[in-house]
>>> print(open('target.txt').read())   # compact mmCIF, C-alpha atoms
# COMPACT_ATOMS: atom_id res chain seq x y z
CA MET A 1 55.86 -16.18 -3.15
CA GLU A 2 52.94 -16.09 -0.74
CA TYR A 3 51.08 -12.88 0.09
CA HIS A 4 48.40 -12.04 2.64
CA LEU A 5 46.46 -8.99 1.45
CA ASN A 6 43.68 -6.92 2.99
CA THR A 7 40.80 -5.38 1.06
CA PRO A 8 40.21 -2.80 -0.20
CA LEU A 9 43.31 -3.42 -2.30
CA LYS A 10 45.67 -0.69 -3.41
CA LYS A 11 47.31 -0.59 -6.83
CA GLU A 12 50.68 -1.23 -5.14
CA ASP A 13 49.28 -4.41 -3.53
CA VAL A 14 48.52 -6.00 -6.88
CA LYS A 15 51.45 -4.60 -8.88
CA GLN A 16 53.91 -6.48 -6.64
CA LEU A 17 52.40 -9.84 -7.58
CA ASP A 18 53.63 -12.16 -10.31
CA ALA A 19 51.79 -14.93 -12.14
CA GLY A 20 52.10 -18.07 -10.03
CA ASP A 21 52.21 -16.30 -6.64
CA ILE A 22 49.86 -17.50 -3.90
CA VAL A 23 47.47 -14.99 -2.30
CA TYR A 24 45.16 -15.05 0.71
CA LEU A 25 42.59 -12.26 1.09
CA THR A 26 41.15 -10.81 4.29
CA GLY A 27 38.42 -8.18 4.33
CA THR A 28 35.37 -7.68 2.11
CA VAL A 29 34.94 -9.59 -1.15
CA LEU A 30 31.96 -8.96 -3.45
CA THR A 31 30.39 -11.74 -5.50
CA ALA A 32 29.36 -10.87 -9.05
CA ARG A 33 28.39 -13.04 -11.98
CA ASP A 34 26.97 -12.26 -15.43
CA GLU A 35 23.79 -10.44 -14.41
CA ALA A 36 25.53 -8.36 -11.74
CA HIS A 37 28.25 -7.30 -14.21
CA ALA A 38 25.58 -6.27 -16.71
CA ARG A 39 23.67 -4.25 -14.08
CA ILE A 40 26.85 -2.53 -12.85
CA LEU A 41 27.63 -1.39 -16.39
CA GLU A 42 24.01 -0.36 -17.07
CA MET A 43 23.96 1.74 -13.90
CA TYR A 44 27.25 3.36 -14.86
CA GLU A 45 25.87 4.24 -18.31
CA GLU A 46 22.76 5.74 -16.68
CA GLY A 47 24.87 7.75 -14.22
CA LEU A 48 23.43 5.94 -11.20
CA GLU A 49 25.36 5.28 -8.00
CA LEU A 50 26.09 1.69 -7.08
CA PRO A 51 24.92 0.45 -3.65
CA PHE A 52 28.41 -0.97 -2.94
CA GLU A 53 31.98 0.26 -3.33
CA LEU A 54 34.20 -0.97 -6.18
CA GLU A 55 37.25 1.19 -5.36
CA GLY A 56 39.98 -1.35 -4.55
CA ALA A 57 37.44 -4.18 -4.68
CA ALA A 58 38.00 -7.89 -5.04
CA ILE A 59 35.19 -9.38 -7.15
CA TYR A 60 34.56 -13.09 -6.71
CA HIS A 61 32.95 -14.86 -9.67
CA CYS A 62 30.68 -16.95 -7.50
CA GLY A 63 27.00 -17.78 -7.14
CA PRO A 64 26.90 -18.81 -3.49
CA LEU A 65 24.32 -21.04 -1.87
CA MET A 66 23.02 -19.05 1.08
CA GLN A 67 20.72 -19.76 3.99
CA GLN A 68 18.87 -17.23 6.11
CA ILE A 69 18.61 -18.13 9.79
CA GLU A 70 16.85 -15.75 12.17
CA GLY A 71 17.22 -12.89 9.69
CA LYS A 72 20.97 -13.43 9.18
CA TRP A 73 22.51 -14.80 5.99
CA THR A 74 25.04 -17.62 6.24
CA VAL A 75 27.03 -19.31 3.51
CA VAL A 76 26.35 -22.96 2.77
CA ALA A 77 28.68 -23.20 -0.25
CA ALA A 78 30.65 -20.60 -2.19
CA GLY A 79 32.73 -22.19 -4.92
CA PRO A 80 34.04 -20.25 -7.91
CA THR A 81 32.20 -20.14 -11.20
CA THR A 82 33.77 -20.06 -14.66
CA SER A 83 35.27 -16.61 -15.11
CA ASP A 84 35.45 -16.62 -18.89
CA ARG A 85 31.73 -15.81 -19.04
CA MET A 86 32.60 -12.34 -17.71
CA SER A 87 35.51 -11.78 -20.13
CA LYS A 88 33.55 -9.60 -22.58
CA MET A 89 32.33 -7.24 -19.83
CA THR A 90 35.60 -7.04 -17.90
CA PRO A 91 37.47 -4.46 -20.05
CA ASN A 92 34.55 -2.03 -19.75
CA LEU A 93 34.20 -2.69 -16.02
CA LEU A 94 37.91 -1.99 -15.43
CA LYS A 95 37.78 1.11 -17.62
CA HIS A 96 35.23 2.71 -15.29
CA PHE A 97 36.00 1.20 -11.86
CA ASN A 98 39.21 0.61 -9.90
CA VAL A 99 38.58 -3.06 -9.19
CA ARG A 100 41.92 -4.56 -8.12
CA ALA A 101 41.25 -8.32 -8.14
CA LEU A 102 38.99 -10.76 -9.96
CA VAL A 103 38.65 -14.22 -8.45
CA GLY A 104 37.24 -17.27 -10.20
CA LYS A 105 38.10 -20.48 -11.99
CA GLY A 106 39.35 -21.36 -15.44
CA GLY A 107 40.98 -18.08 -16.44
CA MET A 108 39.68 -15.33 -18.71
CA ASN A 109 40.23 -14.81 -22.43
CA ASN A 110 41.47 -11.54 -23.89
CA VAL A 111 41.56 -9.57 -20.62
CA ALA A 112 45.31 -9.47 -19.85
CA GLU A 113 45.67 -6.12 -21.61
CA SER A 114 42.75 -4.66 -19.60
CA LEU A 115 44.32 -5.80 -16.33
CA LYS A 116 47.75 -4.32 -17.07
CA GLY A 117 48.98 -1.97 -14.38
CA LYS A 118 45.86 -2.13 -12.22
CA CYS A 119 44.17 -5.49 -11.62
CA ILE A 120 44.96 -9.19 -11.19
CA TYR A 121 43.09 -12.38 -11.87
CA LEU A 122 43.21 -14.88 -9.01
CA ALA A 123 42.38 -18.51 -9.73
CA TYR A 124 40.55 -20.52 -7.11
CA THR A 125 40.24 -24.27 -7.50
CA GLY A 126 36.85 -25.50 -8.60
CA GLY A 127 35.14 -27.89 -6.19
CA CYS A 128 36.28 -25.94 -3.13
CA ALA A 129 32.85 -24.58 -2.19
CA ALA A 130 33.06 -25.82 1.42
CA LEU A 131 36.64 -24.56 1.85
CA ALA A 132 35.59 -21.14 0.57
CA ALA A 133 32.56 -21.08 2.87
CA GLY A 134 34.86 -21.77 5.83
CA SER A 135 36.80 -18.55 5.07
CA ILE A 136 33.62 -16.44 5.06
CA LYS A 137 32.99 -15.13 8.56
CA ASN A 138 30.08 -12.77 7.96
CA VAL A 139 27.60 -11.67 5.28
CA PRO A 140 26.81 -8.04 6.12
CA GLN A 141 24.70 -7.26 3.04
CA VAL A 142 23.18 -8.54 -0.15
CA HIS A 143 22.36 -6.33 -3.13
CA TRP A 144 20.07 -7.03 -6.08
CA LEU A 145 18.48 -10.17 -4.67
CA ASP A 146 15.86 -9.62 -7.40
CA LEU A 147 18.44 -11.18 -9.77
CA GLY A 148 18.23 -14.43 -7.80
CA MET A 149 20.50 -15.88 -5.14
CA PRO A 150 23.43 -16.86 -7.41
CA GLU A 151 23.36 -13.60 -9.42
CA ALA A 152 22.94 -11.18 -6.51
CA VAL A 153 25.94 -9.23 -5.20
CA TRP A 154 26.88 -10.60 -1.80
CA GLU A 155 29.22 -8.73 0.52
CA LEU A 156 31.35 -11.40 2.15
CA GLU A 157 33.70 -10.73 5.06
CA VAL A 158 36.55 -13.19 4.60
CA VAL A 159 39.60 -14.21 6.62
CA LYS A 160 42.53 -15.85 4.82
CA PHE A 161 40.38 -16.58 1.78
CA GLY A 162 42.43 -18.85 -0.44
CA PRO A 163 44.79 -20.22 -1.49
CA LEU A 164 44.39 -18.18 -4.66
CA ILE A 165 46.92 -18.38 -7.50
CA VAL A 166 47.78 -15.27 -9.51
CA GLY A 167 46.64 -16.49 -12.92
CA ILE A 168 47.06 -13.13 -14.70
CA ASP A 169 49.29 -10.43 -13.22
CA THR A 170 49.40 -6.68 -13.85
CA LYS A 171 52.31 -7.12 -16.26
CA GLY A 172 50.21 -9.14 -18.70
CA ASN A 173 51.60 -12.57 -17.78
CA ASP A 174 48.83 -15.14 -18.14
CA LEU A 175 49.38 -18.65 -16.76
CA PHE A 176 46.43 -20.03 -18.69
CA THR A 177 47.70 -18.79 -22.07
CA SER A 178 51.21 -19.94 -21.24
CA ILE A 179 50.04 -23.46 -20.37
CA LYS A 180 47.93 -23.68 -23.57
CA GLU A 181 50.94 -22.61 -25.68
CA LYS A 182 53.21 -25.17 -24.00
CA ALA A 183 50.62 -27.90 -24.55
CA ARG A 184 50.30 -26.98 -28.25
CA GLU A 185 54.09 -27.05 -28.64
CA SER A 186 54.26 -30.43 -26.94
CA PHE A 187 51.53 -31.91 -29.16
CA SER A 188 53.03 -30.47 -32.35
CA LYS A 189 56.39 -32.15 -31.55
CA ASN A 190 54.75 -35.56 -31.30
>>> encode(input="target.txt", output="structure tokens")
Amino acid sequence: MEYHLNTPLKKEDVKQLDAGDIVYLTGTVLTARDEAHARILEMYEEGLELPFELEGAAIYHCGPLMQQIEGKWTVVAAGPTTSDRMSKMTPNLLKHFNVRALVGKGGMNNVAESLKGKCIYLAYTGGCAALAAGSIKNVPQVHWLDLGMPEAVWELEVVKFGPLIVGIDTKGNDLFTSIKEKARESFSKN
């Protein structure tokens, strides 16, 4: 099935999706990589308010290449980064914030249980940095630029951002694990 969803996402939006479905997002997507995840969790532990909203958020594992022209940020390239690097921080992030979608490449290990009932993992094909940039229509804000351009949190206004494949759904179905198991079975038969 193909779905066109608007952010912020509701729990019902993501619970209807199954592993293998195609999704396009419209609205605001936040980029966040390792350092941003760590800072979000540190600020939570310290009781500090975040400068952006995570309620219903779609977090894109991406370190975009940006250019500032006449005081306005534009996206040069915005391909996905490897999501597994954020796997260890994801359960804690989802325990404290109602993030509804994580977007990246390569899947995530040991997070399916954390996503159950509330969040999905959307896979975006690596090497699609220009395609992704074409879906980004505006960059209203950047947070934590002190972390560096790729690690900062960029607010991206997107239109029909995708195609994204539901790699892990809210029911615990994980395409990446399923494919690995099928490959092991195939090799063990030979």
>>> closest_residue(input="target.txt", among="A:Pro80, A:Pro51, A:Gly71, A:Gly106", to="A:Leu175", atoms="all atoms listed in the file")
A:Gly106
>>> closest_residue(input="target.txt", among="A:Val29, A:Leu122, A:Ala77, A:Cys128", to="A:Pro140", atoms="only C-alpha atoms")
A:Val29
>>> atom_distance(input="target.txt", atom1="atom CA of A:Gly126", atom2="atom CA of A:Phe161")
14.1 Å
>>> closest_residue(input="target.txt", among="A:Leu17, A:Ala78, A:Leu41, A:Cys62", to="A:Val153", atoms="all atoms listed in the file")
A:Cys62
>>> residues_around(input="target.txt", residues="A:Met66", least_positions_apart="3", cutoff="8 Å", atoms="only C-alpha atoms", output="PyMOL selection string")
chain A and resi 73-77+149
>>> atom_distance(input="target.txt", atom1="atom CA of A:Met89", atom2="atom CA of A:Ser114")
10.7 Å
>>> closest_residue(input="target.txt", among="A:Ala101, A:Leu5, A:Leu147, A:Val159", to="A:Gly134", atoms="only C-alpha atoms")
A:Val159
>>> build_atoms(input="target.txt", residues="stretch 39-60 of chain A", atoms="N, CA and C atoms", output="compact mmCIF listing (two decimals), keeping the file's coordinate frame")
# COMPACT_ATOMS: atom_id res chain seq x y z
N ARG A 39 24.37 -5.33 -14.80
CA ARG A 39 23.67 -4.25 -14.08
C ARG A 39 24.65 -3.15 -13.66
N ILE A 40 25.84 -3.53 -13.22
CA ILE A 40 26.85 -2.53 -12.85
C ILE A 40 27.12 -1.60 -14.04
N LEU A 41 27.33 -2.19 -15.20
CA LEU A 41 27.63 -1.39 -16.39
C LEU A 41 26.43 -0.57 -16.85
N GLU A 42 25.22 -1.12 -16.73
CA GLU A 42 24.01 -0.36 -17.07
C GLU A 42 23.87 0.85 -16.16
N MET A 43 24.08 0.64 -14.86
CA MET A 43 23.96 1.74 -13.90
C MET A 43 25.01 2.81 -14.16
N TYR A 44 26.21 2.39 -14.53
CA TYR A 44 27.25 3.36 -14.86
C TYR A 44 26.80 4.21 -16.06
N GLU A 45 26.31 3.54 -17.10
CA GLU A 45 25.87 4.24 -18.31
C GLU A 45 24.74 5.22 -18.02
N GLU A 46 23.89 4.88 -17.05
CA GLU A 46 22.76 5.74 -16.68
C GLU A 46 23.15 6.79 -15.65
N GLY A 47 24.41 6.77 -15.19
CA GLY A 47 24.87 7.75 -14.22
C GLY A 47 24.35 7.51 -12.81
N LEU A 48 23.97 6.28 -12.52
CA LEU A 48 23.43 5.94 -11.20
C LEU A 48 24.53 5.44 -10.27
N GLU A 49 24.38 5.71 -8.99
CA GLU A 49 25.36 5.28 -8.00
C GLU A 49 25.11 3.83 -7.59
N LEU A 50 26.19 3.08 -7.49
CA LEU A 50 26.09 1.69 -7.08
C LEU A 50 25.85 1.62 -5.57
N PRO A 51 25.17 0.58 -5.09
CA PRO A 51 24.92 0.45 -3.65
C PRO A 51 26.11 -0.17 -2.89
N PHE A 52 27.22 -0.40 -3.57
CA PHE A 52 28.41 -0.97 -2.94
C PHE A 52 29.63 -0.28 -3.57
N GLU A 53 30.76 -0.42 -2.92
CA GLU A 53 31.98 0.26 -3.33
C GLU A 53 32.87 -0.66 -4.17
N LEU A 54 33.30 -0.18 -5.34
CA LEU A 54 34.20 -0.97 -6.18
C LEU A 54 35.64 -0.45 -6.14
N GLU A 55 35.88 0.65 -5.48
CA GLU A 55 37.25 1.19 -5.36
C GLU A 55 38.11 0.20 -4.56
N GLY A 56 39.10 -0.39 -5.21
CA GLY A 56 39.98 -1.35 -4.55
C GLY A 56 39.34 -2.71 -4.30
N ALA A 57 38.22 -2.97 -4.96
CA ALA A 57 37.44 -4.18 -4.68
C ALA A 57 38.07 -5.45 -5.22
N ALA A 58 37.73 -6.54 -4.56
CA ALA A 58 38.00 -7.89 -5.04
C ALA A 58 36.63 -8.47 -5.40
N ILE A 59 36.45 -8.80 -6.67
CA ILE A 59 35.19 -9.38 -7.15
C ILE A 59 35.38 -10.88 -7.32
N TYR A 60 34.52 -11.64 -6.68
CA TYR A 60 34.56 -13.09 -6.71
C TYR A 60 33.49 -13.59 -7.67
